[in-house]
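Dumped query_1.cif below, it's mmCIF, C-alpha atoms:
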data_my_file
loop_
_atom_site.label_atom_id
_atom_site.label_comp_id
_atom_site.auth_asym_id
_atom_site.auth_seq_id
_atom_site.Cartn_x
_atom_site.Cartn_y
_atom_site.Cartn_z
CA MET O 1 -19.62 -9.47 29.32
CA LEU O 2 -16.54 -7.32 28.89
CA HIS O 3 -15.63 -6.36 25.30
CA SER O 4 -12.14 -5.33 24.31
CA ILE O 5 -11.69 -2.08 22.38
CA ASN O 6 -8.48 -3.36 20.80
CA ALA O 7 -8.22 -4.94 17.39
CA TRP O 8 -7.60 -8.69 17.49
CA ASN O 9 -4.09 -9.76 16.56
CA PHE O 10 -4.47 -13.02 14.67
CA ALA O 11 -0.89 -13.95 15.56
CA ASP O 12 -1.84 -14.15 19.27
CA GLU O 13 -2.17 -17.60 20.84
CA LEU O 14 -5.76 -18.57 21.56
CA THR O 15 -6.10 -19.72 25.21
CA ALA O 16 -9.90 -19.59 25.63
CA ASN O 17 -13.07 -19.12 23.60
CA VAL O 18 -13.15 -15.64 22.09
CA THR O 19 -15.92 -13.79 20.30
CA LEU O 20 -14.71 -11.29 17.72
CA TYR O 21 -16.82 -8.32 16.74
CA ALA O 22 -16.66 -6.52 13.41
CA LYS O 23 -15.94 -2.82 13.47
CA TRP O 24 -17.40 -0.83 10.62
CA THR O 25 -16.54 2.57 9.26
CA ALA O 26 -19.13 4.38 7.17
CA LEU O 27 -18.04 5.46 3.70
CA PHE O 28 -19.73 8.30 1.88
CA THR O 29 -19.65 9.53 -1.70
CA VAL O 30 -18.61 13.11 -2.39
CA ALA O 31 -19.96 14.01 -5.85
CA PHE O 32 -18.91 17.09 -7.82
CA ASP O 33 -21.51 18.91 -9.93
CA THR O 34 -19.52 21.19 -12.24
CA GLN O 35 -22.65 22.96 -13.48
CA GLY O 36 -21.54 22.99 -17.11
CA GLY O 37 -17.82 22.41 -16.64
CA ASN O 38 -15.79 19.32 -17.42
CA VAL O 39 -16.45 16.13 -15.42
CA VAL O 40 -14.81 15.75 -11.99
CA ALA O 41 -14.69 12.24 -10.53
CA SER O 42 -16.55 11.44 -7.30
CA GLN O 43 -14.61 10.43 -4.18
CA ILE O 44 -15.30 7.86 -1.47
CA VAL O 45 -14.47 9.31 1.97
CA GLU O 46 -14.61 7.76 5.46
CA GLN O 47 -17.15 9.31 7.80
CA GLY O 48 -15.56 12.31 9.51
CA GLY O 49 -12.73 12.48 6.96
CA ASN O 50 -11.90 15.21 4.48
CA ALA O 51 -12.42 15.07 0.73
CA THR O 52 -9.38 15.80 -1.41
CA GLN O 53 -9.63 19.02 -3.40
CA PRO O 54 -9.71 18.06 -7.09
CA ALA O 55 -8.06 20.04 -9.88
CA ASP O 56 -10.15 23.05 -10.84
CA PRO O 57 -12.69 22.24 -13.55
CA THR O 58 -12.82 24.32 -16.72
CA ARG O 59 -15.71 25.83 -18.62
CA THR O 60 -15.40 27.92 -21.76
CA GLY O 61 -16.20 31.58 -21.09
CA PHE O 62 -16.15 31.22 -17.30
CA ILE O 63 -13.78 31.49 -14.33
CA PHE O 64 -14.04 28.81 -11.65
CA ASN O 65 -14.73 30.36 -8.21
CA GLY O 66 -14.58 27.30 -5.98
CA TRP O 67 -16.71 24.46 -4.60
CA TYR O 68 -19.91 25.14 -2.67
CA LYS O 69 -22.35 23.14 -0.53
CA ASP O 70 -25.33 24.60 -2.41
CA ALA O 71 -26.03 24.93 -6.14
CA SER O 72 -26.46 28.72 -5.89
CA GLY O 73 -22.94 29.16 -4.50
CA ASN O 74 -23.70 30.74 -1.12
CA VAL O 75 -21.91 28.39 1.30
CA ALA O 76 -18.28 27.58 0.41
CA TRP O 77 -16.77 24.14 1.10
CA ASN O 78 -13.41 24.11 2.88
CA PHE O 79 -11.46 20.97 1.98
CA SER O 80 -9.16 21.40 4.99
CA THR O 81 -11.79 21.75 7.70
CA ASP O 82 -15.18 20.52 6.42
CA ALA O 83 -15.67 16.90 7.45
CA VAL O 84 -17.75 14.49 5.37
CA ILE O 85 -20.56 13.20 7.61
CA GLU O 86 -22.96 12.04 4.89
CA ALA O 87 -23.13 11.64 1.12
CA ILE O 88 -22.83 15.11 -0.38
CA THR O 89 -22.74 16.87 -3.72
CA LEU O 90 -20.45 19.88 -4.05
CA TYR O 91 -21.27 22.46 -6.70
CA ALA O 92 -18.90 24.50 -8.86
CA LYS O 93 -19.45 28.25 -8.84
CA TRP O 94 -18.63 30.18 -12.01
CA THR O 95 -18.25 33.80 -13.09
CA GLU O 96 -18.62 34.74 -16.74
CA THR O 97 -15.38 36.07 -18.16
CA GLY O 98 -16.88 38.59 -20.54
CA GLY O 99 -14.32 39.05 -23.30
CA ILE O 100 -11.88 36.45 -21.94
CA THR O 101 -12.38 33.12 -23.67
CA ASN O 102 -9.03 31.32 -23.55
CA LEU O 103 -8.07 30.68 -19.95
CA ALA O 104 -6.42 27.35 -20.72
CA ALA O 105 -3.27 29.00 -22.06
CA GLU O 106 -0.04 27.06 -22.17
CA VAL O 107 2.25 26.93 -19.17
CA PHE O 108 5.51 28.60 -20.10
CA ILE O 109 6.43 29.89 -16.63
CA PRO O 110 7.02 26.61 -14.76
CA ASN O 111 7.89 28.24 -11.42
CA LEU O 112 5.21 30.94 -11.46
CA ASN O 113 3.74 31.56 -8.01
CA VAL O 114 1.04 34.18 -7.35
CA PHE O 115 0.24 34.50 -3.64
CA PRO O 116 -1.53 34.83 -1.34
CA ASN O 117 -4.57 33.67 -3.25
CA PRO O 118 -7.07 34.87 -2.19
CA PHE O 119 -5.47 38.22 -1.33
CA THR O 120 -6.67 41.42 0.31
CA GLY O 121 -4.19 44.15 -0.64
CA GLU O 122 -0.73 43.29 -1.84
CA ILE O 123 0.03 40.29 -3.99
CA ARG O 124 3.40 38.70 -4.59
CA ILE O 125 4.48 37.24 -7.93
CA LEU O 126 7.49 34.95 -8.22
CA GLY O 127 9.20 33.76 -11.38
CA ALA O 128 7.54 36.05 -13.95
CA ASP O 129 10.38 38.50 -14.61
CA GLY O 130 10.33 39.89 -18.14
CA CYS O 131 6.58 39.29 -18.54
CA THR O 132 3.86 41.82 -19.21
CA LEU O 133 1.06 41.43 -16.67
CA GLN O 134 -2.56 42.33 -17.35
CA ILE O 135 -5.14 41.95 -14.59
CA ILE O 136 -8.59 41.39 -16.09
CA ASN O 137 -11.92 41.55 -14.26
CA THR O 138 -14.90 39.29 -14.96
CA ALA O 139 -16.35 41.82 -17.43
CA GLY O 140 -13.21 41.39 -19.55
CA ALA O 141 -11.78 44.83 -18.75
CA ILE O 142 -8.08 45.31 -18.02
CA VAL O 143 -7.99 46.93 -14.58
CA HIS O 144 -4.20 46.91 -14.10
CA ALA O 145 -1.21 46.42 -16.38
CA GLN O 146 2.53 46.53 -15.81
CA MET O 147 5.84 44.99 -16.73
CA ILE O 148 7.24 42.48 -14.22
CA THR O 149 10.93 43.33 -13.89
CA ASN O 150 11.98 41.19 -10.93
CA SER O 151 11.76 37.49 -10.21
CA ASP O 152 10.12 38.45 -6.88
CA GLU O 153 7.65 41.31 -7.35
CA THR O 154 5.09 42.70 -4.89
CA ILE O 155 2.18 44.70 -6.30
CA GLY O 156 -0.24 46.83 -4.28
CA LEU O 157 -3.77 46.17 -5.46
CA GLU O 158 -5.73 47.65 -2.57
CA HIS O 159 -7.71 49.76 -5.06
CA LEU O 160 -9.32 46.74 -6.74
CA PRO O 161 -12.77 45.69 -5.51
CA ALA O 162 -13.28 42.19 -4.14
CA GLY O 163 -13.86 39.64 -6.86
CA VAL O 164 -12.29 37.17 -9.25
CA TYR O 165 -9.56 38.27 -11.64
CA VAL O 166 -7.49 36.73 -14.39
CA PHE O 167 -3.77 37.51 -14.21
CA ARG O 168 -2.52 37.28 -17.81
CA PHE O 169 1.23 36.92 -18.21
CA GLU O 170 2.72 37.40 -21.69
CA LYS O 171 6.28 37.05 -22.93
CA ASP O 172 7.66 36.35 -26.40
CA GLY O 173 4.17 35.75 -27.79
CA LYS O 174 3.34 33.13 -25.14
CA VAL O 175 0.48 33.62 -22.69
CA GLN O 176 -0.16 32.05 -19.29
CA THR O 177 -3.15 32.86 -17.08
CA GLU O 178 -3.86 32.46 -13.38
CA ARG O 179 -7.21 32.80 -11.61
CA VAL O 180 -6.84 35.02 -8.55
CA VAL O 181 -9.43 36.07 -5.96
CA LYS O 182 -9.45 39.32 -3.98
CA ASN O 183 -11.39 39.27 -0.69
#
Mind turning this structure into structure tokens?
Amino acid sequence: MLHSINAWNFADELTANVTLYAKWTALFTVAFDTQGGNVVASQIVEQGGNATQPADPTRTGFIFNGWYKDASGNVAWNFSTDAVIEAITLYAKWTETGGITNLAAEVFIPNLNVFPNPFTGEIRILGADGCTLQIINTAGAIVHAQMITNSDETIGLEHLPAGVYVFRFEKDGKVQTERVVKN
């Protein structure tokens, strides 16, 4: 018997006996284990589809380093290219911030853009003119500081080792932070 691969259109006129077959798509749960951070809701994803990257979780005294396929943080998950083929739990990876405890500072620079992130050498900062910038490593040490004088500033940071940094912008007593990764 020949089976059609087309979906049945129920508006079509029925001219003979027809057997309709159900087509099923597997759905899988993508769970997020924040390993001590705030709760991130699970997602239901069609087999072969991509999960949607959730907002970064927060955890006092830590910097979020991304989502990983394993609890020890060895194999990163790429939300653009990794397809969901089974139920999976993704794990948050964290780095202690040392002396940095308040990373949830207010947003006072609405058009701030720090890119590329991750970066390898130079980094570009848009919209932070008039701010003092401090770059802080995971041990809490300030490894670079300067005044941002232009609305479009490029900074050479080739000398910094690979790792996670907090970019702390301050102006008029207000502080805003960004998590930035150097590869």
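Using only C-alpha atoms, the residues found no farther than 7 Å from Glu158 of chain O, other than those of its own chain fewer than 5 positions away, are Thr120, Gly121 and Glu122 of chain O.
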With C-alpha atoms retained, could you export that selection as a tab-separated table (two decimals), keeping the file's coordinate frame?
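Contents of result.tsv, as written:
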chain	number	residue	atom	x	y	z
O	120	THR	CA	-6.67	41.42	0.31
O	121	GLY	CA	-4.19	44.15	-0.64
O	122	GLU	CA	-0.73	43.29	-1.84
Return the single residue from O:Ala31, O:Ile142, O:Leu126, O:Val164 that is closest to Val114 of chain O, with distances computed using all atoms listed in the file.
O:Leu126
8 Å contact set for segment 106-111 of chain O, all atoms listed in the file, chain neighbours under 3 positions out, as JSON, numbers by chain:
{"O": [126, 127, 128, 174, 175, 176]}
What is the distance between atom CA of Ile123 of chain O and atom CA of Gly73 of chain O, in Å to one decimal?
25.5 Å
Pick from O:Leu157, O:Ala51, O:Ile85, O:Ala92 nearest to Ala26 of chain O, counting all atoms listed in the file
O:Ile85
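Under the PyMOL selection byres ((chain O and resi 67) around 10), the matching residues in the shown file are Phe32, Asp33, Thr34, Gln53, Pro54, Asp56, Phe64, Asn65, Gly66, Tyr68, Lys69, Asp70, Ala71, Gly73, Val75, Ala76, Trp77, Asn78, Phe79, Thr89, Leu90, Tyr91, Ala92, Lys93 and Trp94 of chain O.
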Name all residues at most 12 Å from Gln146 of chain O (count all atoms listed in the file; drop same-chain ones fewer than 5 positions away) and give them as a ChimeraX atom specification.
/O:128-135,153-156,167-170
Selection file, C-alpha atoms, as a PDB file, in the frame of the given file:
ATOM      1  CA  ALA O 128       7.540  36.050 -13.950  1.00  0.00           C
ATOM      2  CA  ASP O 129      10.380  38.500 -14.610  1.00  0.00           C
ATOM      3  CA  GLY O 130      10.330  39.890 -18.140  1.00  0.00           C
ATOM      4  CA  CYS O 131       6.580  39.290 -18.540  1.00  0.00           C
ATOM      5  CA  THR O 132       3.860  41.820 -19.210  1.00  0.00           C
ATOM      6  CA  LEU O 133       1.060  41.430 -16.670  1.00  0.00           C
ATOM      7  CA  GLN O 134      -2.560  42.330 -17.350  1.00  0.00           C
ATOM      8  CA  ILE O 135      -5.140  41.950 -14.590  1.00  0.00           C
ATOM      9  CA  GLU O 153       7.650  41.310  -7.350  1.00  0.00           C
ATOM     10  CA  THR O 154       5.090  42.700  -4.890  1.00  0.00           C
ATOM     11  CA  ILE O 155       2.180  44.700  -6.300  1.00  0.00           C
ATOM     12  CA  GLY O 156      -0.240  46.830  -4.280  1.00  0.00           C
ATOM     13  CA  PHE O 167      -3.770  37.510 -14.210  1.00  0.00           C
ATOM     14  CA  ARG O 168      -2.520  37.280 -17.810  1.00  0.00           C
ATOM     15  CA  PHE O 169       1.230  36.920 -18.210  1.00  0.00           C
ATOM     16  CA  GLU O 170       2.720  37.400 -21.690  1.00  0.00           C
TER      17      GLU O 170
END
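One distance worth recording is that between atom CA of Gly36 of chain O and atom CA of Ser80 of chain O, which is 25.4 Å.
Closest approach to Ser151 of chain O among O:Gln47, O:Arg124, O:Asn117, O:Asn183 is made by O:Arg124 (distances from only C-alpha atoms).
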Compile the contact shell of Tyr165 of chain O as a PyMOL selection string: residues with an atom at most 8 Å away, counting only C-alpha atoms, same-chain residues fewer than 3 positions apart removed.
chain O and resi 135-138+179-182
Those same residues - C-alpha atoms - I'd like them written as a JSON list (two decimals), in the coordinates of the input.
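Result written to out.json:
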[["chain", "number", "residue", "atom", "x", "y", "z"],
["O", 135, "ILE", "CA", -5.14, 41.95, -14.59],
["O", 136, "ILE", "CA", -8.59, 41.39, -16.09],
["O", 137, "ASN", "CA", -11.92, 41.55, -14.26],
["O", 138, "THR", "CA", -14.90, 39.29, -14.96],
["O", 179, "ARG", "CA", -7.21, 32.80, -11.61],
["O", 180, "VAL", "CA", -6.84, 35.02, -8.55],
["O", 181, "VAL", "CA", -9.43, 36.07, -5.96],
["O", 182, "LYS", "CA", -9.45, 39.32, -3.98]]
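Closest approach to Tyr21 of chain O among O:Trp8, O:Ala162, O:Gly173, O:Glu96: O:Trp8, based on all atoms listed in the file.
Note that atom CA of Thr177 of chain O and atom CA of Ile63 of chain O are 11.1 Å apart.
The residue that comes closest to Phe28 of chain O, out of O:Thr81, O:Phe10, O:Ala87, O:Ile5 and on the basis of all atoms listed in the file, is O:Ala87.
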Residue by residue, what does the PyMOL selection byres ((chain O and resi 22) around 12) grab here? Present the result as a PDB file with C-alpha atoms, in the frame of the given file.
ATOM      1  CA  HIS O   3     -15.630  -6.360  25.300  1.00  0.00           C
ATOM      2  CA  SER O   4     -12.140  -5.330  24.310  1.00  0.00           C
ATOM      3  CA  ILE O   5     -11.690  -2.080  22.380  1.00  0.00           C
ATOM      4  CA  ASN O   6      -8.480  -3.360  20.800  1.00  0.00           C
ATOM      5  CA  ALA O   7      -8.220  -4.940  17.390  1.00  0.00           C
ATOM      6  CA  TRP O   8      -7.600  -8.690  17.490  1.00  0.00           C
ATOM      7  CA  THR O  19     -15.920 -13.790  20.300  1.00  0.00           C
ATOM      8  CA  LEU O  20     -14.710 -11.290  17.720  1.00  0.00           C
ATOM      9  CA  TYR O  21     -16.820  -8.320  16.740  1.00  0.00           C
ATOM     10  CA  LYS O  23     -15.940  -2.820  13.470  1.00  0.00           C
ATOM     11  CA  TRP O  24     -17.400  -0.830  10.620  1.00  0.00           C
ATOM     12  CA  THR O  25     -16.540   2.570   9.260  1.00  0.00           C
TER      13      THR O  25
END
